[in-house]
Amino acid sequence: MGFDVIPQSASEVDLPHRQIGKLLVVSVVCATAWYVLIMLTVGSGLPAAELAESELASADAMTALWNSRAMGNLLILGGIAGILTSWNAFLIGGSRLLYAMAVSGMVPRWFGKVHPRFRTPGNAVLFIGELTVLAPFFGRPMLVWLVDAGSVSIVTAYAVVVVCFLVLRRREPGMVRPFRTPAGPVVGVSALVLTLSLATLYLPGMPAALAWPSEWLIVGVWWAAGAVFLWRLPRITPGEDAEQRLVAAVESR
């Protein structure tokens, strides 16, 4: 999910949109290579039996490879730092997304207020920050519920983005596109198939099936709230100037 922070904060990045698109692709490739290297290193650092019993396989593998518990502890400290950086990134992305929803009229305008000095969505930052500070106090079961239920919504959001990508290429071929995807239809259809395949993992009987009723209840409430927010958006008919008319309708509210 960390890659989503890039497009969510794109309007505050001092780079051309085309470069932001390239940066997003490069970041995914680099992260994939990094994760593969971690798995190869951990897999080669411990025998299969020890890997199966380990609760912190990466730290235990580091300890074994360096023959030093200090190196394992150092990796744990790096992991904690990584969690904090992820927390910070999601605070930026989440607050920026909430700000965009407020500007579009989906949520109260209060979330779209910009700080007079720092020029950031101050109310949205404080709101998301307070939630993230309070969340750990609900305990591990609640955090697991939120992560699992949120995963379904994340995959659904990916699917919606891909569908919009394919529809816009067909309906609005002349739309200004600073970043163009080579072989767009092929990439779009492939992404949709892969995304829907991921979504099946959360169905009953699958490896990542959601727990009933807790996690499915969270998903239901979440989607019901999303339907209300969607209903608040202005209705715009398709056309070459659809984007301009949507912006005008939002700004007139």
# chains A, B, ... in the order shown; residues from 1 in each chain; ligands from 1

call {"tool": "residues_around", "arguments": {"residues": "A:Ala157", "least_positions_apart": "2", "cutoff": "12 Å", "atoms": "only C-alpha atoms", "output": "PyMOL selection string"}}
result
chain A and resi 1+4+150-155+159-164+192+195-196+199+223+226

call {"tool": "write_last_selection", "arguments": {"atoms": "N, CA, C and O atoms", "output": "PDB file, in the first residue's frame"}}
result
ATOM      1  N   MET A   1       0.815  -1.220   0.000  1.00  0.00           N
ATOM      2  CA  MET A   1       0.000   0.000   0.000  1.00  0.00           C
ATOM      3  C   MET A   1       0.843   1.262   0.000  1.00  0.00           C
ATOM      4  O   MET A   1       0.352   2.341  -0.295  1.00  0.00           O
ATOM      5  N   ASP A   4       0.762   3.793  -2.860  1.00  0.00           N
ATOM      6  CA  ASP A   4      -0.380   4.698  -3.022  1.00  0.00           C
ATOM      7  C   ASP A   4      -0.087   6.097  -2.497  1.00  0.00           C
ATOM      8  O   ASP A   4      -0.757   7.053  -2.880  1.00  0.00           O
ATOM      9  N   GLY A 150      -9.569  -4.013   5.750  1.00  0.00           N
ATOM     10  CA  GLY A 150      -9.032  -2.975   4.884  1.00  0.00           C
ATOM     11  C   GLY A 150      -8.417  -3.550   3.626  1.00  0.00           C
ATOM     12  O   GLY A 150      -8.456  -2.921   2.558  1.00  0.00           O
ATOM     13  N   SER A 151      -7.864  -4.766   3.715  1.00  0.00           N
ATOM     14  CA  SER A 151      -7.248  -5.378   2.541  1.00  0.00           C
ATOM     15  C   SER A 151      -8.270  -5.595   1.433  1.00  0.00           C
ATOM     16  O   SER A 151      -7.971  -5.408   0.251  1.00  0.00           O
ATOM     17  N   VAL A 152      -9.482  -5.996   1.802  1.00  0.00           N
ATOM     18  CA  VAL A 152     -10.539  -6.189   0.797  1.00  0.00           C
ATOM     19  C   VAL A 152     -10.851  -4.870   0.103  1.00  0.00           C
ATOM     20  O   VAL A 152     -10.975  -4.807  -1.129  1.00  0.00           O
ATOM     21  N   SER A 153     -10.956  -3.810   0.877  1.00  0.00           N
ATOM     22  CA  SER A 153     -11.262  -2.502   0.289  1.00  0.00           C
ATOM     23  C   SER A 153     -10.119  -1.999  -0.582  1.00  0.00           C
ATOM     24  O   SER A 153     -10.345  -1.336  -1.598  1.00  0.00           O
ATOM     25  N   ILE A 154      -8.887  -2.311  -0.188  1.00  0.00           N
ATOM     26  CA  ILE A 154      -7.723  -1.900  -0.981  1.00  0.00           C
ATOM     27  C   ILE A 154      -7.753  -2.572  -2.356  1.00  0.00           C
ATOM     28  O   ILE A 154      -7.590  -1.917  -3.390  1.00  0.00           O
ATOM     29  N   VAL A 155      -7.977  -3.885  -2.366  1.00  0.00           N
ATOM     30  CA  VAL A 155      -8.023  -4.615  -3.635  1.00  0.00           C
ATOM     31  C   VAL A 155      -9.198  -4.122  -4.481  1.00  0.00           C
ATOM     32  O   VAL A 155      -9.091  -3.981  -5.702  1.00  0.00           O
ATOM     33  N   ALA A 159      -9.147  -2.425  -8.239  1.00  0.00           N
ATOM     34  CA  ALA A 159      -9.982  -2.883  -9.358  1.00  0.00           C
ATOM     35  C   ALA A 159     -10.757  -1.721  -9.972  1.00  0.00           C
ATOM     36  O   ALA A 159     -10.864  -1.606 -11.196  1.00  0.00           O
ATOM     37  N   VAL A 160     -11.293  -0.842  -9.121  1.00  0.00           N
ATOM     38  CA  VAL A 160     -12.050   0.311  -9.619  1.00  0.00           C
ATOM     39  C   VAL A 160     -11.149   1.235 -10.432  1.00  0.00           C
ATOM     40  O   VAL A 160     -11.546   1.757 -11.484  1.00  0.00           O
ATOM     41  N   VAL A 161      -9.921   1.452  -9.961  1.00  0.00           N
ATOM     42  CA  VAL A 161      -8.977   2.309 -10.686  1.00  0.00           C
ATOM     43  C   VAL A 161      -8.679   1.727 -12.064  1.00  0.00           C
ATOM     44  O   VAL A 161      -8.645   2.448 -13.066  1.00  0.00           O
ATOM     45  N   VAL A 162      -8.468   0.409 -12.124  1.00  0.00           N
ATOM     46  CA  VAL A 162      -8.167  -0.229 -13.406  1.00  0.00           C
ATOM     47  C   VAL A 162      -9.366  -0.119 -14.354  1.00  0.00           C
ATOM     48  O   VAL A 162      -9.200   0.158 -15.549  1.00  0.00           O
ATOM     49  N   VAL A 163     -10.576  -0.323 -13.820  1.00  0.00           N
ATOM     50  CA  VAL A 163     -11.775  -0.206 -14.652  1.00  0.00           C
ATOM     51  C   VAL A 163     -11.902   1.219 -15.189  1.00  0.00           C
ATOM     52  O   VAL A 163     -12.195   1.433 -16.383  1.00  0.00           O
ATOM     53  N   CYS A 164     -11.680   2.210 -14.324  1.00  0.00           N
ATOM     54  CA  CYS A 164     -11.737   3.610 -14.767  1.00  0.00           C
ATOM     55  C   CYS A 164     -10.681   3.880 -15.840  1.00  0.00           C
ATOM     56  O   CYS A 164     -10.937   4.603 -16.815  1.00  0.00           O
ATOM     57  N   LEU A 192      -6.472  -5.905 -14.277  1.00  0.00           N
ATOM     58  CA  LEU A 192      -7.810  -6.230 -13.775  1.00  0.00           C
ATOM     59  C   LEU A 192      -7.911  -7.710 -13.429  1.00  0.00           C
ATOM     60  O   LEU A 192      -8.462  -8.074 -12.377  1.00  0.00           O
ATOM     61  N   THR A 195      -5.936  -8.317 -10.243  1.00  0.00           N
ATOM     62  CA  THR A 195      -6.602  -7.730  -9.081  1.00  0.00           C
ATOM     63  C   THR A 195      -7.796  -8.568  -8.654  1.00  0.00           C
ATOM     64  O   THR A 195      -7.993  -8.826  -7.454  1.00  0.00           O
ATOM     65  N   LEU A 196      -8.608  -9.000  -9.609  1.00  0.00           N
ATOM     66  CA  LEU A 196      -9.753  -9.847  -9.276  1.00  0.00           C
ATOM     67  C   LEU A 196      -9.297 -11.189  -8.711  1.00  0.00           C
ATOM     68  O   LEU A 196      -9.967 -11.766  -7.843  1.00  0.00           O
ATOM     69  N   ALA A 199      -8.643 -10.653  -5.163  1.00  0.00           N
ATOM     70  CA  ALA A 199      -9.887 -10.489  -4.412  1.00  0.00           C
ATOM     71  C   ALA A 199     -10.491 -11.829  -4.009  1.00  0.00           C
ATOM     72  O   ALA A 199     -11.126 -11.943  -2.948  1.00  0.00           O
ATOM     73  N   TRP A 223     -18.311  -0.056   3.399  1.00  0.00           N
ATOM     74  CA  TRP A 223     -18.843   0.132   2.048  1.00  0.00           C
ATOM     75  C   TRP A 223     -20.139   0.919   2.067  1.00  0.00           C
ATOM     76  O   TRP A 223     -20.411   1.684   1.131  1.00  0.00           O
ATOM     77  N   GLY A 226     -19.135   4.402   2.246  1.00  0.00           N
ATOM     78  CA  GLY A 226     -18.628   4.814   0.937  1.00  0.00           C
ATOM     79  C   GLY A 226     -19.747   5.105  -0.045  1.00  0.00           C
ATOM     80  O   GLY A 226     -19.648   6.046  -0.847  1.00  0.00           O
TER      81      GLY A 226
END

call {"tool": "residues_around", "arguments": {"residues": "A:Leu126", "least_positions_apart": "4", "cutoff": "10 Å", "atoms": "only C-alpha atoms", "output": "number ranges by chain"}}
result
A: 91, 95, 111, 121-122, 130-132

call {"tool": "residues_around", "arguments": {"residues": "stretch 39-56 of chain A", "least_positions_apart": "3", "cutoff": "12 Å", "atoms": "only C-alpha atoms", "output": "ChimeraX atom specification"}}
result
/A:32-36,59-67,72-73,75-76,79

call {"tool": "write_last_selection", "arguments": {"atoms": "N, CA and C atoms", "output": "PDB file, in the first residue's frame"}}
result
ATOM      1  N   THR A  32      10.086  -4.484  -5.129  1.00  0.00           N
ATOM      2  CA  THR A  32       9.968  -5.907  -5.439  1.00  0.00           C
ATOM      3  C   THR A  32      11.329  -6.594  -5.351  1.00  0.00           C
ATOM      4  N   ALA A  33      12.338  -5.983  -5.942  1.00  0.00           N
ATOM      5  CA  ALA A  33      13.686  -6.544  -5.881  1.00  0.00           C
ATOM      6  C   ALA A  33      14.180  -6.641  -4.436  1.00  0.00           C
ATOM      7  N   TRP A  34      13.864  -5.625  -3.640  1.00  0.00           N
ATOM      8  CA  TRP A  34      14.295  -5.607  -2.236  1.00  0.00           C
ATOM      9  C   TRP A  34      13.654  -6.754  -1.449  1.00  0.00           C
ATOM     10  N   TYR A  35      12.348  -6.952  -1.645  1.00  0.00           N
ATOM     11  CA  TYR A  35      11.647  -8.025  -0.931  1.00  0.00           C
ATOM     12  C   TYR A  35      12.155  -9.394  -1.363  1.00  0.00           C
ATOM     13  N   VAL A  36      12.418  -9.555  -2.652  1.00  0.00           N
ATOM     14  CA  VAL A  36      12.944 -10.836  -3.142  1.00  0.00           C
ATOM     15  C   VAL A  36      14.304 -11.131  -2.512  1.00  0.00           C
ATOM     16  N   ALA A  59      15.248 -11.573  11.689  1.00  0.00           N
ATOM     17  CA  ALA A  59      16.218 -11.312  12.748  1.00  0.00           C
ATOM     18  C   ALA A  59      17.025 -12.557  13.080  1.00  0.00           C
ATOM     19  N   ASP A  60      16.350 -13.705  13.131  1.00  0.00           N
ATOM     20  CA  ASP A  60      17.064 -14.949  13.441  1.00  0.00           C
ATOM     21  C   ASP A  60      18.038 -15.309  12.324  1.00  0.00           C
ATOM     22  N   ALA A  61      17.652 -15.046  11.078  1.00  0.00           N
ATOM     23  CA  ALA A  61      18.562 -15.320   9.967  1.00  0.00           C
ATOM     24  C   ALA A  61      19.776 -14.400  10.019  1.00  0.00           C
ATOM     25  N   MET A  62      19.553 -13.149  10.362  1.00  0.00           N
ATOM     26  CA  MET A  62      20.667 -12.217  10.484  1.00  0.00           C
ATOM     27  C   MET A  62      21.624 -12.671  11.592  1.00  0.00           C
ATOM     28  N   THR A  63      21.059 -13.116  12.708  1.00  0.00           N
ATOM     29  CA  THR A  63      21.881 -13.616  13.807  1.00  0.00           C
ATOM     30  C   THR A  63      22.728 -14.809  13.361  1.00  0.00           C
ATOM     31  N   ALA A  64      22.104 -15.706  12.602  1.00  0.00           N
ATOM     32  CA  ALA A  64      22.821 -16.900  12.153  1.00  0.00           C
ATOM     33  C   ALA A  64      23.893 -16.557  11.129  1.00  0.00           C
ATOM     34  N   LEU A  65      23.590 -15.684  10.196  1.00  0.00           N
ATOM     35  CA  LEU A  65      24.548 -15.344   9.144  1.00  0.00           C
ATOM     36  C   LEU A  65      25.767 -14.617   9.702  1.00  0.00           C
ATOM     37  N   TRP A  66      25.548 -13.737  10.685  1.00  0.00           N
ATOM     38  CA  TRP A  66      26.651 -12.980  11.256  1.00  0.00           C
ATOM     39  C   TRP A  66      27.203 -13.615  12.533  1.00  0.00           C
ATOM     40  N   ASN A  67      26.500 -14.665  12.988  1.00  0.00           N
ATOM     41  CA  ASN A  67      26.884 -15.321  14.248  1.00  0.00           C
ATOM     42  C   ASN A  67      26.963 -14.297  15.384  1.00  0.00           C
ATOM     43  N   GLY A  72      21.247  -9.300  14.910  1.00  0.00           N
ATOM     44  CA  GLY A  72      19.810  -9.577  14.874  1.00  0.00           C
ATOM     45  C   GLY A  72      19.010  -8.471  15.527  1.00  0.00           C
ATOM     46  N   ASN A  73      19.507  -7.982  16.674  1.00  0.00           N
ATOM     47  CA  ASN A  73      18.828  -6.871  17.354  1.00  0.00           C
ATOM     48  C   ASN A  73      18.875  -5.601  16.507  1.00  0.00           C
ATOM     49  N   LEU A  75      18.820  -5.465  13.278  1.00  0.00           N
ATOM     50  CA  LEU A  75      17.797  -5.592  12.248  1.00  0.00           C
ATOM     51  C   LEU A  75      16.408  -5.308  12.822  1.00  0.00           C
ATOM     52  N   ILE A  76      16.159  -5.739  14.058  1.00  0.00           N
ATOM     53  CA  ILE A  76      14.867  -5.457  14.692  1.00  0.00           C
ATOM     54  C   ILE A  76      14.671  -3.955  14.849  1.00  0.00           C
ATOM     55  N   GLY A  79      13.692  -2.619  11.636  1.00  0.00           N
ATOM     56  CA  GLY A  79      12.283  -2.913  11.362  1.00  0.00           C
ATOM     57  C   GLY A  79      11.351  -1.948  12.062  1.00  0.00           C
TER      58      GLY A  79
END

call {"tool": "closest_residue", "arguments": {"among": "A:Asn123, A:Ile6, A:Pro116, A:Leu77", "to": "A:Gly21", "atoms": "only C-alpha atoms"}}
result
A:Ile6

call {"tool": "atom_distance", "arguments": {"atom1": "atom CA of A:Gly93", "atom2": "atom CA of A:Gln8"}}
result
5.5 Å

call {"tool": "closest_residue", "arguments": {"among": "A:Trp145, A:Gly105, A:Val29, A:Ala57", "to": "A:Leu217", "atoms": "only C-alpha atoms"}}
result
A:Trp145

call {"tool": "closest_residue", "arguments": {"among": "A:Ala102, A:Leu168, A:Val5, A:Val144", "to": "A:Phe90", "atoms": "only C-alpha atoms"}}
result
A:Val5

call {"tool": "closest_residue", "arguments": {"among": "A:Ala31, A:Ala124, A:Gly2, A:Lys22", "to": "A:Ile83", "atoms": "only C-alpha atoms"}}
result
A:Gly2

call {"tool": "closest_residue", "arguments": {"among": "A:Leu97, A:Met175, A:Ala70, A:Leu24", "to": "A:Val125", "atoms": "only C-alpha atoms"}}
result
A:Leu97

call {"tool": "select_by_dssp", "arguments": {"residues": "stretch 45-245 of chain A", "states": "alpha helix (DSSP H)", "output": "ChimeraX atom specification"}}
result
/A:45,48-53,57-66,69-104,122-134,139-171,184-199,214-231,242-245

call {"tool": "atom_distance", "arguments": {"atom1": "atom CA of A:Tyr202", "atom2": "atom CA of A:Gly94"}}
result
23.7 Å

call {"tool": "residues_around", "arguments": {"residues": "A:Ala209", "least_positions_apart": "3", "cutoff": "12 Å", "atoms": "only C-alpha atoms", "output": "VMD selection string"}}
result
chain A and resid 145 148 to 149 151 to 152 198 to 206 212 to 213 215 to 216

call {"tool": "write_last_selection", "arguments": {"atoms": "N, CA and C atoms", "output": "CSV table (one decimal), in the first residue's frame"}}
result
chain,number,residue,atom,x,y,z
A,145,TRP,N,-8.5,-7.2,12.7
A,145,TRP,CA,-9.8,-7.1,12.0
A,145,TRP,C,-9.7,-5.9,11.0
A,148,ASP,N,-7.3,-6.8,8.0
A,148,ASP,CA,-7.9,-7.8,7.1
A,148,ASP,C,-9.1,-7.2,6.3
A,149,ALA,N,-10.0,-6.5,7.0
A,149,ALA,CA,-11.1,-5.8,6.3
A,149,ALA,C,-10.6,-4.7,5.4
A,151,SER,N,-7.9,-4.8,3.7
A,151,SER,CA,-7.2,-5.4,2.5
A,151,SER,C,-8.3,-5.6,1.4
A,152,VAL,N,-9.5,-6.0,1.8
A,152,VAL,CA,-10.5,-6.2,0.8
A,152,VAL,C,-10.9,-4.9,0.1
A,198,LEU,N,-6.6,-11.6,-6.9
A,198,LEU,CA,-6.3,-11.3,-5.5
A,198,LEU,C,-7.6,-11.2,-4.6
A,199,ALA,N,-8.6,-10.7,-5.2
A,199,ALA,CA,-9.9,-10.5,-4.4
A,199,ALA,C,-10.5,-11.8,-4.0
A,200,THR,N,-10.3,-12.9,-4.8
A,200,THR,CA,-10.9,-14.2,-4.5
A,200,THR,C,-10.2,-14.8,-3.3
A,201,LEU,N,-9.1,-14.3,-2.9
A,201,LEU,CA,-8.4,-14.9,-1.7
A,201,LEU,C,-9.1,-14.6,-0.4
A,202,TYR,N,-10.0,-13.6,-0.4
A,202,TYR,CA,-10.7,-13.2,0.8
A,202,TYR,C,-12.1,-13.9,0.9
A,203,LEU,N,-12.5,-14.7,-0.1
A,203,LEU,CA,-13.7,-15.3,0.0
A,203,LEU,C,-13.7,-16.5,0.9
A,204,PRO,N,-14.9,-16.9,1.4
A,204,PRO,CA,-14.9,-18.1,2.4
A,204,PRO,C,-14.2,-19.3,1.8
A,205,GLY,N,-13.4,-20.0,2.6
A,205,GLY,CA,-12.7,-21.2,2.1
A,205,GLY,C,-11.4,-21.0,1.5
A,206,MET,N,-11.0,-19.7,1.3
A,206,MET,CA,-9.7,-19.4,0.7
A,206,MET,C,-8.7,-19.1,1.8
A,212,TRP,N,-15.9,-14.3,10.1
A,212,TRP,CA,-17.3,-14.0,10.2
A,212,TRP,C,-17.6,-14.0,11.7
A,213,PRO,N,-18.4,-13.0,12.2
A,213,PRO,CA,-19.0,-11.9,11.4
A,213,PRO,C,-18.2,-10.6,11.6
A,215,GLU,N,-15.1,-9.3,10.8
A,215,GLU,CA,-14.4,-8.6,9.6
A,215,GLU,C,-15.4,-8.3,8.5
A,216,TRP,N,-16.3,-9.2,8.2
A,216,TRP,CA,-17.3,-8.9,7.2
A,216,TRP,C,-18.2,-7.8,7.6

call {"tool": "atom_distance", "arguments": {"atom1": "atom CA of A:Ser190", "atom2": "atom CA of A:Leu210"}}
result
25.4 Å
